[in-house]
Each structure stands twice: as C-alpha cells, then as structure tokens.
$ cat my_file_21.cif   # mmCIF, C-alpha atoms
data_run
loop_
_atom_site.group_PDB
_atom_site.id
_atom_site.type_symbol
_atom_site.label_atom_id
_atom_site.label_comp_id
_atom_site.auth_asym_id
_atom_site.auth_seq_id
_atom_site.Cartn_x
_atom_site.Cartn_y
_atom_site.Cartn_z
ATOM 1 C CA MET A 205 0.000 0.000 0.000
ATOM 2 C CA ALA A 206 1.257 3.454 -0.913
ATOM 3 C CA ARG A 207 2.191 5.843 1.822
ATOM 4 C CA ASN A 208 0.007 8.838 2.602
ATOM 5 C CA PHE A 209 1.525 12.306 2.476
ATOM 6 C CA VAL A 210 0.143 15.527 3.855
ATOM 7 C CA ASN A 211 1.052 17.458 0.711
ATOM 8 C CA ASP A 212 3.209 17.303 -2.422
ATOM 9 C CA VAL A 213 6.188 18.877 -0.674
ATOM 10 C CA GLU A 214 6.286 16.004 1.810
ATOM 11 C CA ALA A 215 5.943 13.526 -1.064
ATOM 12 C CA ALA A 216 8.766 15.256 -2.954
ATOM 13 C CA ASP A 217 11.030 15.007 0.104
ATOM 14 C CA ALA A 218 10.157 11.308 0.384
ATOM 15 C CA LEU A 219 11.072 10.724 -3.265
ATOM 16 C CA ALA A 220 14.433 12.476 -2.844
ATOM 17 C CA GLN A 221 15.177 10.344 0.225
ATOM 18 C CA GLY A 222 13.925 7.220 -1.539
ATOM 19 C CA PHE A 223 16.300 7.929 -4.428
ATOM 20 C CA LYS A 224 19.242 8.111 -2.016
ATOM 21 C CA ASP A 225 18.185 4.825 -0.417
ATOM 22 C CA LEU A 226 17.769 3.193 -3.830
ATOM 23 C CA LYS A 227 21.257 4.235 -4.911
ATOM 24 C CA LYS A 228 22.701 2.871 -1.675
ATOM 25 C CA GLU A 229 21.040 -0.529 -2.161
ATOM 26 C CA ILE A 230 21.879 -0.781 -5.861
ATOM 27 C CA ALA A 231 25.528 0.068 -5.067
ATOM 28 C CA LYS A 232 25.727 -3.207 -3.123
ATOM 29 C CA VAL A 233 25.558 -5.012 -6.477
ATOM 30 C CA ILE A 234 26.424 -2.454 -9.173
ATOM 31 C CA VAL A 235 29.755 -0.644 -8.932
ATOM 32 C CA GLY A 236 29.731 2.877 -10.367
ATOM 33 C CA GLN A 237 27.321 3.684 -13.227
ATOM 34 C CA ASP A 238 25.747 6.491 -11.154
ATOM 35 C CA GLU A 239 24.557 8.345 -14.245
ATOM 36 C CA VAL A 240 23.037 5.189 -15.719
ATOM 37 C CA ILE A 241 21.193 4.435 -12.481
ATOM 38 C CA ARG A 242 19.875 8.001 -12.229
ATOM 39 C CA LEU A 243 18.589 7.985 -15.800
ATOM 40 C CA THR A 244 17.027 4.519 -15.531
ATOM 41 C CA LEU A 245 15.151 5.512 -12.374
ATOM 42 C CA THR A 246 14.157 8.773 -14.087
ATOM 43 C CA ALA A 247 12.481 6.782 -16.865
ATOM 44 C CA ILE A 248 10.669 4.649 -14.290
ATOM 45 C CA PHE A 249 9.388 7.590 -12.243
ATOM 46 C CA CYS A 250 8.242 9.256 -15.493
ATOM 47 C CA HIS A 251 6.253 6.100 -16.369
ATOM 48 C CA SER A 252 8.351 5.609 -19.503
ATOM 49 C CA HIS A 253 10.800 3.177 -21.073
ATOM 50 C CA ALA A 254 14.568 3.158 -21.525
ATOM 51 C CA LEU A 255 17.050 1.664 -23.984
ATOM 52 C CA LEU A 256 20.415 0.689 -22.466
ATOM 53 C CA ILE A 257 23.297 0.491 -24.915
ATOM 54 C CA GLY A 258 26.701 -0.897 -24.015
ATOM 55 C CA VAL A 259 29.260 -3.541 -24.917
ATOM 56 C CA PRO A 260 28.924 -7.005 -23.319
ATOM 57 C CA GLY A 261 29.960 -7.381 -19.695
ATOM 58 C CA LEU A 262 28.903 -3.965 -18.376
ATOM 59 C CA ALA A 263 26.137 -5.425 -16.151
ATOM 60 C CA LYS A 264 23.163 -4.151 -18.160
ATOM 61 C CA THR A 265 21.043 -7.197 -17.335
ATOM 62 C CA LEU A 266 22.214 -7.291 -13.712
ATOM 63 C CA LEU A 267 21.331 -3.610 -13.316
ATOM 64 C CA VAL A 268 17.750 -4.162 -14.483
ATOM 65 C CA GLN A 269 17.356 -7.217 -12.249
ATOM 66 C CA THR A 270 18.704 -5.316 -9.234
ATOM 67 C CA ILE A 271 16.380 -2.355 -9.846
ATOM 68 C CA SER A 272 13.389 -4.695 -10.012
ATOM 69 C CA GLN A 273 14.403 -6.155 -6.633
ATOM 70 C CA VAL A 274 14.865 -2.842 -4.811
ATOM 71 C CA LEU A 275 11.546 -1.614 -6.242
ATOM 72 C CA ASP A 276 9.676 -4.792 -5.272
ATOM 73 C CA LEU A 277 8.380 -5.319 -8.806
ATOM 74 C CA GLN A 278 7.604 -8.409 -10.855
ATOM 75 C CA PHE A 279 10.422 -8.945 -13.329
ATOM 76 C CA LYS A 280 10.455 -10.900 -16.602
ATOM 77 C CA ARG A 281 13.322 -11.279 -19.039
ATOM 78 C CA ILE A 282 12.829 -11.897 -22.764
ATOM 79 C CA GLN A 283 15.915 -13.010 -24.683
ATOM 80 C CA PHE A 284 15.426 -11.632 -28.185
ATOM 81 C CA THR A 285 16.628 -14.037 -30.904
ATOM 82 C CA PRO A 286 16.083 -14.223 -34.692
ATOM 83 C CA ASP A 287 13.463 -16.980 -34.305
ATOM 84 C CA LEU A 288 11.441 -15.251 -31.564
ATOM 85 C CA MET A 289 7.767 -14.821 -32.513
ATOM 86 C CA PRO A 290 5.309 -12.099 -31.365
ATOM 87 C CA SER A 291 3.275 -14.718 -29.488
ATOM 88 C CA ASP A 292 6.399 -15.567 -27.473
ATOM 89 C CA ILE A 293 6.200 -12.025 -26.078
ATOM 90 C CA VAL A 294 2.517 -11.151 -25.680
ATOM 91 C CA GLY A 295 1.057 -14.650 -25.349
ATOM 92 C CA ALA A 296 -1.452 -16.606 -27.416
ATOM 93 C CA GLU A 297 -4.840 -18.302 -27.309
ATOM 94 C CA THR A 298 -4.743 -22.069 -26.808
ATOM 95 C CA LEU A 299 -7.330 -24.836 -26.549
ATOM 96 C CA ASP A 300 -8.053 -26.171 -23.071
ATOM 97 C CA LYS A 301 -9.284 -29.704 -22.249
ATOM 98 C CA GLU A 302 -12.886 -28.726 -23.045
ATOM 99 C CA ARG A 303 -11.685 -27.409 -26.432
ATOM 100 C CA ASN A 304 -12.385 -23.811 -25.463
ATOM 101 C CA PHE A 305 -9.976 -21.032 -26.257
ATOM 102 C CA GLN A 306 -8.137 -19.511 -23.326
ATOM 103 C CA PHE A 307 -5.505 -16.801 -23.357
ATOM 104 C CA VAL A 308 -2.099 -17.746 -21.983
ATOM 105 C CA LYS A 309 -0.226 -14.596 -20.988
ATOM 106 C CA GLY A 310 3.279 -14.038 -22.280
ATOM 107 C CA PRO A 311 6.235 -12.540 -20.389
ATOM 108 C CA ILE A 312 5.120 -9.019 -21.339
ATOM 109 C CA PHE A 313 2.703 -9.285 -18.391
ATOM 110 C CA ALA A 314 5.099 -8.039 -15.718
ATOM 111 C CA ASN A 315 6.032 -4.737 -14.072
ATOM 112 C CA ILE A 316 9.551 -4.607 -15.500
ATOM 113 C CA VAL A 317 10.226 -6.357 -18.799
ATOM 114 C CA LEU A 318 13.848 -6.731 -19.840
ATOM 115 C CA ALA A 319 14.038 -6.926 -23.638
ATOM 116 C CA ASP A 320 17.540 -8.349 -23.821
ATOM 117 C CA GLU A 321 19.410 -7.630 -27.086
ATOM 118 C CA ILE A 322 16.252 -6.247 -28.653
ATOM 119 C CA ASN A 323 17.909 -5.679 -32.028
ATOM 120 C CA ARG A 324 18.539 -9.401 -32.546
ATOM 121 C CA THR A 325 14.929 -10.126 -33.525
ATOM 122 C CA PRO A 326 13.169 -9.178 -36.807
ATOM 123 C CA PRO A 327 10.941 -6.068 -37.040
ATOM 124 C CA LYS A 328 7.761 -8.188 -36.956
ATOM 125 C CA THR A 329 8.619 -9.378 -33.451
ATOM 126 C CA GLN A 330 9.971 -5.996 -32.333
ATOM 127 C CA ALA A 331 6.590 -4.517 -33.301
ATOM 128 C CA ALA A 332 4.891 -6.750 -30.718
ATOM 129 C CA LEU A 333 6.119 -4.256 -28.110
ATOM 130 C CA LEU A 334 4.681 -1.141 -29.777
ATOM 131 C CA GLU A 335 1.133 -1.310 -28.397
ATOM 132 C CA ALA A 336 2.343 -2.406 -24.968
ATOM 133 C CA MET A 337 4.827 0.464 -24.703
ATOM 134 C CA GLN A 338 2.381 3.104 -25.893
ATOM 135 C CA GLU A 339 -0.929 1.987 -24.388
ATOM 136 C CA ASN A 340 0.050 -0.379 -21.543
ATOM 137 C CA ALA A 341 -2.125 -3.065 -23.097
ATOM 138 C CA VAL A 342 -2.026 -5.792 -25.765
ATOM 139 C CA THR A 343 -4.730 -6.953 -28.172
ATOM 140 C CA ILE A 344 -5.053 -10.661 -28.932
ATOM 141 C CA ALA A 345 -7.761 -12.046 -31.244
ATOM 142 C CA GLY A 346 -9.796 -8.862 -30.843
ATOM 143 C CA HIS A 347 -9.593 -8.865 -27.034
ATOM 144 C CA ARG A 348 -7.705 -6.142 -25.200
ATOM 145 C CA TYR A 349 -5.726 -7.092 -22.101
ATOM 146 C CA SER A 350 -4.350 -4.455 -19.737
ATOM 147 C CA LEU A 351 -0.816 -4.864 -18.457
ATOM 148 C CA PRO A 352 0.030 -4.749 -14.729
ATOM 149 C CA GLN A 353 0.906 -1.351 -13.343
ATOM 150 C CA PRO A 354 3.442 0.086 -13.130
ATOM 151 C CA PHE A 355 4.805 -1.204 -16.452
ATOM 152 C CA PHE A 356 8.221 -0.521 -17.993
ATOM 153 C CA VAL A 357 10.260 -1.909 -20.856
ATOM 154 C CA LEU A 358 13.997 -1.700 -20.292
ATOM 155 C CA ALA A 359 15.743 -2.901 -23.432
ATOM 156 C CA THR A 360 19.420 -3.626 -23.989
ATOM 157 C CA GLN A 361 21.419 -3.394 -27.179
ATOM 158 C CA ASN A 362 25.010 -4.228 -28.146
ATOM 159 C CA PRO A 363 26.479 -1.339 -30.197
ATOM 160 C CA ILE A 364 29.446 -3.162 -31.715
ATOM 161 C CA GLU A 365 28.062 -6.458 -33.008
ATOM 162 C CA GLN A 366 26.061 -5.902 -36.214
ATOM 163 C CA GLU A 367 26.014 -9.444 -37.636
ATOM 164 C CA GLY A 368 22.499 -10.865 -37.459
ATOM 165 C CA THR A 369 20.935 -7.716 -36.028
ATOM 166 C CA TYR A 370 17.937 -5.676 -37.118
ATOM 167 C CA PRO A 371 18.030 -1.920 -36.448
ATOM 168 C CA LEU A 372 15.051 -0.686 -34.459
ATOM 169 C CA PRO A 373 12.575 1.307 -36.586
ATOM 170 C CA GLU A 374 12.274 4.999 -35.778
ATOM 171 C CA ALA A 375 8.688 4.536 -34.529
ATOM 172 C CA GLN A 376 9.879 2.082 -31.898
ATOM 173 C CA LEU A 377 12.953 4.086 -30.930
ATOM 174 C CA ASP A 378 10.651 7.048 -30.285
ATOM 175 C CA ARG A 379 8.727 4.964 -27.724
ATOM 176 C CA PHE A 380 11.812 4.940 -25.503
ATOM 177 C CA MET A 381 12.015 8.053 -23.375
ATOM 178 C CA LEU A 382 15.764 7.671 -22.814
ATOM 179 C CA ASN A 383 18.673 6.142 -24.688
ATOM 180 C CA ILE A 384 21.224 5.415 -21.953
ATOM 181 C CA PHE A 385 24.838 4.689 -22.847
ATOM 182 C CA LEU A 386 26.925 2.520 -20.510
ATOM 183 C CA ASP A 387 30.643 3.233 -20.619
ATOM 184 C CA TYR A 388 33.579 1.189 -19.322
ATOM 185 C CA PRO A 389 34.286 1.404 -15.586
ATOM 186 C CA THR A 390 37.289 3.298 -14.287
ATOM 187 C CA TYR A 391 40.383 1.390 -13.164
ATOM 188 C CA GLU A 392 39.394 1.691 -9.494
ATOM 189 C CA GLN A 393 35.814 0.610 -10.230
ATOM 190 C CA GLU A 394 36.992 -2.401 -12.218
ATOM 191 C CA LEU A 395 39.267 -3.433 -9.329
ATOM 192 C CA LYS A 396 36.261 -3.352 -6.993
ATOM 193 C CA ILE A 397 34.096 -5.259 -9.495
ATOM 194 C CA VAL A 398 36.650 -8.039 -9.785
ATOM 195 C CA LYS A 399 37.100 -8.274 -6.001
ATOM 196 C CA ASN A 400 33.322 -8.385 -5.429
ATOM 197 C CA THR A 401 32.507 -10.944 -8.118
ATOM 198 C CA THR A 402 35.270 -13.521 -7.737
ATOM 199 C CA THR A 403 34.338 -14.720 -4.265
ATOM 200 C CA ASP A 404 31.654 -17.073 -2.984
ATOM 201 C CA GLU A 405 29.699 -14.234 -1.346
ATOM 202 C CA PHE A 406 26.733 -12.582 -3.060
ATOM 203 C CA ALA A 407 25.223 -9.267 -2.024
ATOM 204 C CA SER A 408 21.503 -9.101 -1.259
ATOM 205 C CA VAL A 409 19.427 -5.938 -1.550
ATOM 206 C CA ASN A 410 16.467 -4.660 0.440
ATOM 207 C CA GLN A 411 13.176 -3.562 -1.069
ATOM 208 C CA ILE A 412 12.869 0.221 -0.837
ATOM 209 C CA LEU A 413 9.710 1.173 -2.741
ATOM 210 C CA SER A 414 6.537 -0.739 -3.561
ATOM 211 C CA ALA A 415 4.553 -0.686 -6.807
ATOM 212 C CA ASP A 416 1.990 1.626 -5.158
ATOM 213 C CA ASP A 417 4.767 4.008 -4.095
ATOM 214 C CA ILE A 418 6.058 4.178 -7.661
ATOM 215 C CA ILE A 419 2.607 4.957 -9.078
ATOM 216 C CA LEU A 420 2.190 7.701 -6.453
ATOM 217 C CA PHE A 421 5.547 9.243 -7.372
ATOM 218 C CA GLN A 422 4.718 9.017 -11.090
ATOM 219 C CA HIS A 423 1.672 11.202 -10.504
ATOM 220 C CA LEU A 424 3.771 13.517 -8.323
ATOM 221 C CA VAL A 425 6.264 14.076 -11.170
ATOM 222 C CA ARG A 426 3.390 15.133 -13.428
ATOM 223 C CA ARG A 427 2.204 17.691 -10.860
ATOM 224 C CA VAL A 428 5.573 19.431 -10.467
ATOM 225 C CA PRO A 429 5.220 23.100 -11.528
ATOM 226 C CA VAL A 430 7.498 24.319 -14.330
ATOM 227 C CA ALA A 431 8.366 27.913 -15.193
ATOM 228 C CA ASP A 432 7.524 29.032 -18.719
ATOM 229 C CA ASN A 433 11.152 29.814 -19.527
ATOM 230 C CA VAL A 434 12.133 26.195 -18.802
ATOM 231 C CA ILE A 435 9.457 24.836 -21.146
ATOM 232 C CA GLU A 436 10.443 27.395 -23.772
ATOM 233 C CA TYR A 437 14.081 26.312 -23.477
ATOM 234 C CA ALA A 438 13.154 22.629 -23.931
ATOM 235 C CA VAL A 439 11.047 23.346 -27.025
ATOM 236 C CA LYS A 440 13.711 25.651 -28.461
ATOM 237 C CA LEU A 441 16.405 22.992 -27.927
ATOM 238 C CA VAL A 442 14.353 20.337 -29.711
ATOM 239 C CA ALA A 443 13.461 22.717 -32.550
ATOM 240 C CA SER A 444 17.166 23.445 -33.090
ATOM 241 C CA THR A 445 17.725 19.766 -33.999
ATOM 242 C CA ARG A 446 15.555 20.161 -37.109
ATOM 243 C CA PRO A 447 17.152 21.205 -40.411
ATOM 244 C CA GLY A 448 15.983 24.684 -41.305
ATOM 245 C CA ASN A 449 15.958 25.863 -37.688
ATOM 246 C CA SER A 450 19.693 26.036 -36.973
ATOM 247 C CA GLN A 451 22.919 26.160 -38.952
ATOM 248 C CA LEU A 452 24.315 23.140 -37.136
ATOM 249 C CA ALA A 453 21.251 21.070 -38.036
ATOM 250 C CA ASN A 454 21.482 22.250 -41.645
ATOM 251 C CA ASN A 455 25.106 21.126 -41.835
ATOM 252 C CA PHE A 456 25.051 17.826 -39.979
ATOM 253 C CA LEU A 457 21.522 16.457 -39.446
ATOM 254 C CA GLU A 458 19.199 14.603 -41.784
ATOM 255 C CA TRP A 459 16.271 14.528 -39.355
ATOM 256 C CA GLY A 460 15.511 16.249 -36.072
ATOM 257 C CA ALA A 461 13.528 15.283 -33.003
ATOM 258 C CA GLY A 462 9.725 15.484 -32.850
ATOM 259 C CA PRO A 463 7.382 16.962 -30.208
ATOM 260 C CA ARG A 464 7.648 13.848 -28.039
ATOM 261 C CA ALA A 465 11.242 14.861 -27.330
ATOM 262 C CA SER A 466 10.036 18.202 -25.930
ATOM 263 C CA GLN A 467 7.551 16.397 -23.699
ATOM 264 C CA TYR A 468 10.204 14.003 -22.404
ATOM 265 C CA LEU A 469 12.688 16.819 -21.798
ATOM 266 C CA VAL A 470 10.186 18.580 -19.528
ATOM 267 C CA LEU A 471 9.107 15.365 -17.770
ATOM 268 C CA GLY A 472 12.720 14.287 -17.307
ATOM 269 C CA ALA A 473 13.627 17.731 -15.955
ATOM 270 C CA LYS A 474 10.765 17.539 -13.435
ATOM 271 C CA CYS A 475 11.937 14.148 -12.198
ATOM 272 C CA ASN A 476 15.597 15.168 -12.124
ATOM 273 C CA ALA A 477 14.687 18.161 -9.973
ATOM 274 C CA LEU A 478 12.781 15.982 -7.492
ATOM 275 C CA LEU A 479 15.585 13.421 -7.274
ATOM 276 C CA ASN A 480 17.962 16.244 -6.370
ATOM 277 C CA GLY A 481 15.715 17.685 -3.662
ATOM 278 C CA LYS A 482 14.261 20.575 -5.697
ATOM 279 C CA TYR A 483 10.558 21.338 -6.034
ATOM 280 C CA SER A 484 10.685 22.787 -9.546
ATOM 281 C CA PRO A 485 13.100 22.228 -12.451
ATOM 282 C CA ASP A 486 15.405 24.763 -14.033
ATOM 283 C CA ILE A 487 17.274 24.778 -17.335
ATOM 284 C CA GLU A 488 20.126 22.712 -15.839
ATOM 285 C CA ASP A 489 17.636 19.892 -15.194
ATOM 286 C CA VAL A 490 16.638 19.932 -18.858
ATOM 287 C CA GLN A 491 20.291 19.738 -19.844
ATOM 288 C CA ALA A 492 20.832 16.812 -17.438
ATOM 289 C CA VAL A 493 18.524 14.581 -19.501
ATOM 290 C CA ALA A 494 19.017 16.174 -22.940
ATOM 291 C CA LYS A 495 21.568 13.735 -24.355
ATOM 292 C CA ALA A 496 19.611 10.656 -23.270
ATOM 293 C CA VAL A 497 16.367 12.086 -24.685
ATOM 294 C CA LEU A 498 17.788 13.298 -28.002
ATOM 295 C CA ARG A 499 20.558 10.890 -29.024
ATOM 296 C CA HIS A 500 18.155 8.344 -30.577
ATOM 297 C CA ARG A 501 15.838 10.939 -32.114
ATOM 298 C CA ILE A 502 18.239 12.736 -34.435
ATOM 299 C CA VAL A 503 19.795 11.303 -37.580
ATOM 300 C CA ARG A 504 23.197 12.449 -38.823
ATOM 301 C CA ASN A 505 23.766 13.098 -42.509
ATOM 302 C CA PHE A 506 26.697 11.884 -44.600
ATOM 303 C CA LYS A 507 28.745 15.003 -43.903
ATOM 304 C CA ALA A 508 28.506 14.464 -40.128
ATOM 305 C CA GLU A 509 29.622 10.844 -40.446
ATOM 306 C CA ALA A 510 32.447 11.754 -42.836
ATOM 307 C CA GLU A 511 33.750 14.430 -40.466
ATOM 308 C CA GLY A 512 33.449 12.194 -37.402
ATOM 309 C CA GLU A 513 30.710 14.208 -35.682
ATOM 310 C CA SER A 514 29.111 11.998 -33.041
ATOM 311 C CA VAL A 515 25.467 12.276 -32.041
ATOM 312 C CA ASP A 516 26.417 13.165 -28.448
ATOM 313 C CA GLY A 517 28.862 15.762 -29.698
ATOM 314 C CA LEU A 518 26.192 17.382 -31.853
ATOM 315 C CA VAL A 519 23.711 17.424 -28.954
ATOM 316 C CA ALA A 520 26.366 19.025 -26.738
ATOM 317 C CA LYS A 521 26.950 21.722 -29.354
ATOM 318 C CA LEU A 522 23.201 22.386 -29.613
ATOM 319 C CA ILE A 523 23.004 22.720 -25.823
ATOM 320 C CA ASP A 524 25.875 25.241 -25.887
ATOM 321 C CA GLN A 525 24.221 27.217 -28.678
ATOM 322 C CA ASN A 526 20.918 27.397 -26.794
ATOM 323 C CA LYS A 527 22.255 28.558 -23.421
#
$ encode --input "my_file_21.cif" --output "structure tokens"
Amino acid sequence: MARNFVNDVEAADALAQGFKDLKKEIAKVIVGQDEVIRLTLTAIFCHSHALLIGVPGLAKTLLVQTISQVLDLQFKRIQFTPDLMPSDIVGAETLDKERNFQFVKGPIFANIVLADEINRTPPKTQAALLEAMQENAVTIAGHRYSLPQPFFVLATQNPIEQEGTYPLPEAQLDRFMLNIFLDYPTYEQELKIVKNTTTDEFASVNQILSADDIILFQHLVRRVPVADNVIEYAVKLVASTRPGNSQLANNFLEWGAGPRASQYLVLGAKCNALLNGKYSPDIEDVQAVAKAVLRHRIVRNFKAEAEGESVDGLVAKLIDQNK
C-alpha cells in the first residue's frame, strides 16, 4: 500500500530520500554507473521506457534485475533471438481440455520487462512491443488485455556487433524516453568489481519502494510546476535539432527530433529536480537529460559521419548554442 503524504512537498522530500536509499542498495551489487542508475530511475518515475546500450559485460542485465528487486516489482526477461515470434512475447490463445480457447499470458505481463538484445529479432517481433509500450495493453484475437501497473520496458542493445541484427525502426525508438549509454568502468571501479565478483559471497538488496509508491511518485512528477522559460528552453532545444531551424542542423543532421522529445525533456527535468531535492526544475535539469532524450531521435547526414561528428557531440553543441 502506498504511503500517505500531507502534501506534495512532503511527497517530494520522500522521493528524494527514496532515491538516495535506492542508490545505496543498488551500489551493493552495481559498482559505479551512477549516471546510468539516475537515468534509468528517471524513466521509471516518469512512467516511460529506456534503452540501455553498451558492450557485453557492463552489467546491463544485472542492473535491471537489481532495480526490479529494490523496487519490489515483478520482473520478466525476454531473450530476443532471430526466431522469436510475437506470441512468445505477448502470449497466445490455446485450446483447453474442453476445447475452449483460453488466453495464456506471455512474459510481457510483468512490471519490468527486460528486452535483452532487442535488435537481434526481426521487425515483426519488435513490433509486438509497440502497443504495450504506448498503451500499456495488448490486443489478442480482438480482445484487449491491460498490463500490470506500473509497467516498464527496459531494453538492452550491443552497439558493436552488427552481424544478425535488425536496427530498431524509428517509430519504436521514439517509444523509448531515454537512450542510456553505458561506458567502461574506471580502473578503481573495475578493481572493486573483480574483487566483489570472484568470491563465494553474493550481495543481497532490500526492497525500498513498492509498486503503489512508484505509481504515487509518477503522478507527483506530473504535478511538479514548471516555469515558462524552462518549457520554452526545452522546445527551443528540440526545434534546433531540425534542419531549417539552426545552422548546425542544416550542416550535420538529416532529421531532427519530434514533439515527443520536448515532452520528455520537460518530464525528465521535473523528475531530475525531485531526485535532487528541488521542487521545480530549471534549465540545468533539462540539460541533465538532454543527451539521453535526443541521441536516438536525431539522424546524422553523410557530412557528419564523414567528419566524425558523433550524435552526443552534436547534442552538446546544440546545448551550448541554446544557453
């Protein structure tokens, strides 16, 4: 059962404290990756989805599993392979002993769904997630089934192995609020990882927040007041990614981000403010989520690729130009 708060300020303080407690518990298992943890929890508290991209061995799967444990949520993992079918994700109707059709739920019916190596399955199977991610429901044989709440898809993707992979279509990429990049650990962090994982002892984590708590905080994020200048900055930043609106976009971008990016920038800024103990976001909060919101929504042109302009580098330049 969700906790009761006297007002939104008390709830905001509880979320900030809960975030600190969550980080402390997750740190028992995951070494470093503070930015990744912050962004993943931001997506969850914004009732959205996240795509985690990193080379093998950076604990992407372990991170998602650990987050599901500290949040006391039902967790299901789907290993995406070339022969995976849509029914393997959403479920299918089968005949029972009386020869009546009954719906057998697939692994999509969970609070946190880990779509592991999502780009290894064909577009037909990837599309099975579209309705679930947008509407929190699936339709089978004309019947609509609601998914348990809260519901999140956290997908992983390997950026270096392209053999046998299928790039995610733009429509599906746009369903992910954040594209989170996992980098290599530092030397000190890798020393700690090796020491912690080569013994016979395994860390256990405590449950910090319940499903009801998460739903309460999701509504709280929506109620956070935002100054007009912050919203204007977010919209202006997104508009500057579109060719015709800025010189940088004209030179290096084929496509810019759509209105959903503006929405996610404001939502992400609201959540980032709350996680840092503030009651209203400022422009710095927008900038804190800008790369993760925009990096999968803009498409570089040939000139950008030829000159070695990275997506993150272009986003950073747009942020500097819009200060």
$ resolve_selection --input "my_file_21.cif" --expression "the PyMOL selection byres ((chain A and resi 454-461) around 9)" --output "VMD selection string"
chain A and resid 442 to 453 462 to 466 498 500 to 509 513 518
$ residues_around --input "my_file_21.cif" --residues "A:Pro327" --least-positions-apart "3" --cutoff "12 Å" --atoms "only C-alpha atoms" --output "NGL selection string"
:A and (284-290 or 322-324 or 330-334 or 369-376)
$ atom_distance --input "my_file_21.cif" --atom1 "atom CA of A:Val210" --atom2 "atom CA of A:Asn410"
26.2 Å
$ atom_distance --input "my_file_21.cif" --atom1 "atom CA of A:Arg348" --atom2 "atom CA of A:Glu335"
10.6 Å
$ closest_residue --input "my_file_21.cif" --among "A:Ala216, A:Glu297, A:Leu386, A:Ser272" --to "A:Asp238" --atoms "all atoms listed in the file"
A:Leu386
